[in-house]
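Read the structure below first, then the notes.
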Amino acid sequence: MKQNERRIVEGGDSPQQRKAGDGAKRAILALAGGAGLFVLGSIAFDLGILGDDGSHPTNSSERESDMAAAYFSPPAETSIPDGPDGDAIRRGMALFVNTKTNAADFVGNELSCASCHLDKGREPNSAPMWAAYVIYPKYRSKNKQINTMEDRLRGCFTYSMNGQDSPSGGPPPAGHPIYKDLQMYFHWLASGAPVGESLPGQGYPELEKTALGYDPQRGAQVYEQNCAACHGSNGQGQRDLNGKLVFPPLWGPNSYNWGAGMARVNTAASFIKANMPMGQGGTLTDQEAWDAAAFIDSQERPRDPRQTGSVADNAAANHGQDTYYGKIVEGRLLGTGTGR
Ligand code: HEC
Ligand code: HEC
């Protein structure tokens with residue numbers, strides 16, 4: 001058997017395992033709605049939804065939509081080799097999961113890479129790193145250049161991690177060991193994957209537009225019912241009793257900035273439909289996912305670091321459709337930034 005055949009496995013646990021997992025998650029959501037929010041993090045921890053490193057392993061096999069698809073399966077953590085390679089892979093994984101702690105100089109918000117690339121970058125349909133690794137270098141229309149993986153990672157630090165508000169004031173400089181360790185981790189995750197192929201589960205599966213279009217006001221209701229229990233009524237996220245962030249902020253000064261992919265309504269809708277509420281991806285209707293995305297992406301967040309002149313100039317230069325950047329919502333111009 002060829003190596004890549006061996007690693008592409010059917011995403012299926014036994015139905016019993018699946019049911020047990022769903023039950024635990026339903027219990028969490030019921031608690032999230034009723035009981036005090038402070039205990040939520042520790043409950044999630046106890047039930048194994050939160051890993052002891054603060055990551056949130058999701059099990060792709062628990063999702064109906066995954067049952068039909070066969071996804072590439074990255075190697076188990078226990079198979080990380082010893083020696084310098086293995087050390088770098090482990091450092092890369094730690095950077096990915098606890099980015100704020102391990103790349104403190106270059107992170108200007110409360111997110112980690114794994115906040116948007118679930119299960120430590122392993123989860124299909126949540127832009128998994130094994131699928132990304134094999135399609136770089138490539139041309140990106142965002143900056144109209146061939147991008148190496150390091151270029152791509154610099155972009156993530158600049159926008160998704162809001163590097164401008166970090167202690168160093170920007171992303172790690174070119175050639176920094178952080179880029180090397182992250183790439184060692186991705187290279188290892190992609191062990192046996194075919195280079196240059198767009199693998200099933202790559203990126204966030206694009207969500208088709210709905211006839212109704214999207215609307216932040218409808219989205220506010222979707223949010224209150226399906227999201228606020230974890231992410232907070234003001235999108236601020238949630239900490240456990242020790243102050244450790246367990247649910248990441250969705251807007252405001254501690255979230256991704258206006259230049260990030262997630263600030264585009266279509267990208268957020270795709271992510272939300274496939275992955276949220278946590279552990280229940282695929283359960284919102286397309287309409288709900290679009291409206292929730294419109295709601296969170298019509299809130300103020302850190303400024304777009306590409307802005308040199310006015311918001312209107314930057315909107316024309318760098319923002320296309322499906323964004324609230326530069327638009328007026330409820331009498332407020334969006335895109336001016338949150339300050340820190
Ligand atoms: C706020 C959410 C968010 C955070 C945080 C984030 N990313 Fe991303 N990332 C995205 C989005 C959105 C995309 C674009 C995916 C798409 O268009 O399908 C992306 C794409 C990528 C890609 C390319 C994926 C592909 O298939 O082409 C890589 C690699 C990546 N991110 C790495 C990282 C790393 C490393 C970090 C941490 C330093 C990080 N990201 C933090 C949202 C995020
Ligand atoms: C049960 C708790 C829970 C619920 C409910 C939930 N999320 Fe999340 N969400 C998370 C966690 C946890 C993460 C980060 C993943 C990780 O760290 O493993 C996350 C990440 C995100 C992210 C990317 C990271 C960021 O901060 O921007 C977005 C966007 C998001 N959720 C939107 C939503 C929306 C919209 C809903 C409602 C439809 C929702 N979530 C419901 C727990 C939840």
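Here, A, B, ... name the chains of the structure tokens in the order displayed, residue numbers run from 1 inside each chain, and ligands are numbered from 1 in the same displayed order.
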
Show me a table, sorted first by chain and then by increasing residue number, of the residues of chain A having an atom at most 8 Å from ligand 1, each with its shortest atom pair and the distance in Å to one decimal, counting only C-alpha atoms and all ligand atoms and written as CSV.
```
residue,atom,partner,partner_atom_place_in_ligand_line,distance
A:Leu95,CA,ligand 1,38 (C),7.6
A:Phe96,CA,ligand 1,37 (C),5.9
A:Thr99,CA,ligand 1,38 (C),6.6
A:Leu111,CA,ligand 1,5 (C),5.4
A:Ser112,CA,ligand 1,5 (C),5.2
A:Cys113,CA,ligand 1,37 (C),3.4
A:Ala114,CA,ligand 1,5 (C),6.7
A:Ser115,CA,ligand 1,5 (C),5.5
A:Cys116,CA,ligand 1,2 (C),4.4
A:His117,CA,ligand 1,7 (N),6.5
A:Ser126,CA,ligand 1,15 (C),7.9
A:Ala127,CA,ligand 1,26 (O),5.0
A:Pro128,CA,ligand 1,26 (O),6.5
A:Met129,CA,ligand 1,29 (C),5.9
A:Ala131,CA,ligand 1,26 (O),5.8
A:Ala132,CA,ligand 1,26 (O),3.8
A:Tyr133,CA,ligand 1,29 (C),6.8
A:Ile135,CA,ligand 1,27 (O),7.0
A:Tyr136,CA,ligand 1,27 (O),7.7
A:Met149,CA,ligand 1,29 (C),6.6
A:Arg152,CA,ligand 1,29 (C),6.1
A:Leu153,CA,ligand 1,35 (C),5.3
A:Arg154,CA,ligand 1,38 (C),7.9
A:Cys156,CA,ligand 1,39 (C),4.9
A:Phe157,CA,ligand 1,38 (C),5.2
A:Ser160,CA,ligand 1,4 (C),4.6
A:Met161,CA,ligand 1,5 (C),5.6
A:Leu182,CA,ligand 1,35 (C),6.6
A:Gln202,CA,ligand 1,26 (O),5.2
A:Gly203,CA,ligand 1,18 (O),3.6
A:Tyr204,CA,ligand 1,18 (O),4.5
A:Pro205,CA,ligand 1,18 (O),7.1
A:Glu206,CA,ligand 1,18 (O),7.8
A:Ser255,CA,ligand 1,1 (C),7.1
A:Tyr256,CA,ligand 1,1 (C),5.0
A:Ala260,CA,ligand 1,1 (C),6.8
A:Gly261,CA,ligand 1,12 (C),4.1
A:Met262,CA,ligand 1,12 (C),4.4
A:Ala263,CA,ligand 1,1 (C),8.0
A:Thr267,CA,ligand 1,12 (C),5.9
A:Ala268,CA,ligand 1,12 (C),7.0
A:Phe271,CA,ligand 1,12 (C),7.5
```

#### Entry: Env. residues ligand 2 / 8 Å / only C-alpha atoms and all ligand atoms / as a ChimeraX atom specification
/A:25,28-29,32,50,54-58,97,111-112,114-120,222-223,225-231,237,246-251,255-256,262,268,271-273,275-279,284,288-289,292-293,296

### Message
Restricting the calculation to only C-alpha atoms: of A:Gly252, A:Pro75, A:Gly282, A:Gly320, which residue gets closest to Glu110 of chain A?
### Response
A:Gly252

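For the residues A:Thr323, A:Asn242, A:Thr336, A:Gln221, ranking by smallest atom-to-atom distance to Asp291 of chain A using only C-alpha atoms places A:Gln221 first.
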
#### Entry: d(atom CA of Arg122 of chain A, atom CA of Lys209 of chain A) in Å
27.3 Å

### Task
Run DSSP on the backbone and grab whatever in segment 92-257 of chain A lands in alpha helix (DSSP H); send it over as an MDAnalysis selection string.
chainID A and resid 92:97 99:102 113:116 118:121 129:133 149:155 177:189 216:226 228:231

How would the residues just picked look written out with C-alpha atoms as a PDB file, in the first residue's frame?
```pdb
ATOM      1  CA  GLY A  92       5.768  24.517  16.339  1.00  0.00           C
ATOM      2  CA  MET A  93       2.738  22.747  17.785  1.00  0.00           C
ATOM      3  CA  ALA A  94       3.056  24.723  21.034  1.00  0.00           C
ATOM      4  CA  LEU A  95       3.304  27.962  19.048  1.00  0.00           C
ATOM      5  CA  PHE A  96       0.195  27.039  17.121  1.00  0.00           C
ATOM      6  CA  VAL A  97      -1.910  26.219  20.173  1.00  0.00           C
ATOM      7  CA  THR A  99       0.442  31.526  20.291  1.00  0.00           C
ATOM      8  CA  LYS A 100       0.089  34.423  22.698  1.00  0.00           C
ATOM      9  CA  THR A 101       2.341  32.721  25.255  1.00  0.00           C
ATOM     10  CA  ASN A 102       4.934  31.302  22.888  1.00  0.00           C
ATOM     11  CA  CYS A 113      -3.659  29.986  15.494  1.00  0.00           C
ATOM     12  CA  ALA A 114      -5.785  27.102  16.772  1.00  0.00           C
ATOM     13  CA  SER A 115      -8.693  29.493  17.494  1.00  0.00           C
ATOM     14  CA  CYS A 116      -9.526  29.385  13.786  1.00  0.00           C
ATOM     15  CA  LEU A 118      -9.317  23.776  15.027  1.00  0.00           C
ATOM     16  CA  ASP A 119      -7.882  20.724  16.728  1.00  0.00           C
ATOM     17  CA  LYS A 120      -4.316  22.077  16.525  1.00  0.00           C
ATOM     18  CA  GLY A 121      -4.631  22.588  12.776  1.00  0.00           C
ATOM     19  CA  MET A 129      -2.323  22.790   8.120  1.00  0.00           C
ATOM     20  CA  TRP A 130      -1.662  19.426   6.417  1.00  0.00           C
ATOM     21  CA  ALA A 131      -3.734  20.619   3.451  1.00  0.00           C
ATOM     22  CA  ALA A 132      -2.160  24.082   3.424  1.00  0.00           C
ATOM     23  CA  TYR A 133       1.403  22.803   3.579  1.00  0.00           C
ATOM     24  CA  MET A 149       4.602  29.470   3.442  1.00  0.00           C
ATOM     25  CA  GLU A 150       6.602  31.966   5.487  1.00  0.00           C
ATOM     26  CA  ASP A 151       4.952  34.843   3.600  1.00  0.00           C
ATOM     27  CA  ARG A 152       1.563  33.307   4.339  1.00  0.00           C
ATOM     28  CA  LEU A 153       2.403  32.986   8.028  1.00  0.00           C
ATOM     29  CA  ARG A 154       3.592  36.590   8.164  1.00  0.00           C
ATOM     30  CA  GLY A 155       0.131  37.520   6.865  1.00  0.00           C
ATOM     31  CA  PRO A 177      12.802  30.699  14.148  1.00  0.00           C
ATOM     32  CA  ILE A 178       9.041  30.936  14.802  1.00  0.00           C
ATOM     33  CA  TYR A 179       8.426  30.468  11.076  1.00  0.00           C
ATOM     34  CA  LYS A 180      10.809  27.527  10.967  1.00  0.00           C
ATOM     35  CA  ASP A 181       9.191  25.747  13.897  1.00  0.00           C
ATOM     36  CA  LEU A 182       5.669  26.283  12.558  1.00  0.00           C
ATOM     37  CA  GLN A 183       6.700  24.920   9.163  1.00  0.00           C
ATOM     38  CA  MET A 184       8.370  21.923  10.778  1.00  0.00           C
ATOM     39  CA  TYR A 185       5.055  21.177  12.489  1.00  0.00           C
ATOM     40  CA  PHE A 186       3.032  21.548   9.264  1.00  0.00           C
ATOM     41  CA  HIS A 187       5.522  19.494   7.257  1.00  0.00           C
ATOM     42  CA  TRP A 188       5.192  16.714   9.799  1.00  0.00           C
ATOM     43  CA  LEU A 189       1.368  16.953   9.836  1.00  0.00           C
ATOM     44  CA  PRO A 216     -26.700  41.765  11.082  1.00  0.00           C
ATOM     45  CA  GLN A 217     -30.006  42.277  12.882  1.00  0.00           C
ATOM     46  CA  ARG A 218     -31.185  38.747  12.166  1.00  0.00           C
ATOM     47  CA  GLY A 219     -27.636  37.682  13.023  1.00  0.00           C
ATOM     48  CA  ALA A 220     -27.917  39.238  16.486  1.00  0.00           C
ATOM     49  CA  GLN A 221     -30.650  36.735  17.318  1.00  0.00           C
ATOM     50  CA  VAL A 222     -28.730  33.793  15.928  1.00  0.00           C
ATOM     51  CA  TYR A 223     -25.771  34.954  17.989  1.00  0.00           C
ATOM     52  CA  GLU A 224     -27.678  35.294  21.234  1.00  0.00           C
ATOM     53  CA  GLN A 225     -29.159  31.813  20.840  1.00  0.00           C
ATOM     54  CA  ASN A 226     -26.157  29.894  19.562  1.00  0.00           C
ATOM     55  CA  ALA A 228     -23.151  34.140  23.278  1.00  0.00           C
ATOM     56  CA  ALA A 229     -23.006  31.394  25.928  1.00  0.00           C
ATOM     57  CA  CYS A 230     -19.392  30.741  24.969  1.00  0.00           C
ATOM     58  CA  HIS A 231     -18.188  33.912  23.240  1.00  0.00           C
TER      59      HIS A 231
END
```

### Message
Just to confirm, what's the straight-line distance from atom CA of Ala269 of chain A to atom CA of Asp215 of chain A in Å (one decimal)?
### Response
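Going from atom CA of Ala269 of chain A over to atom CA of Asp215 of chain A, I get 12.0 Å.
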
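One distance worth recording is that between atom CA of Asn266 of chain A and atom CA of Gln321 of chain A, which is 9.1 Å.
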
### Query
Nearest to Pro173 of chain A among A:Trp290, A:Tyr71, A:Phe295, A:Phe106, with distances taken over only C-alpha atoms: which residue is it?
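The answer is A:Phe106, which sits nearest to Pro173 of chain A.
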
### Task
Enumerate, as number ranges by chain, the complete set of residues in segment 107-325 of chain A that a backbone-based DSSP assignment places in strand (DSSP E).
A: 138-140, 145-147, 238-239, 245-247
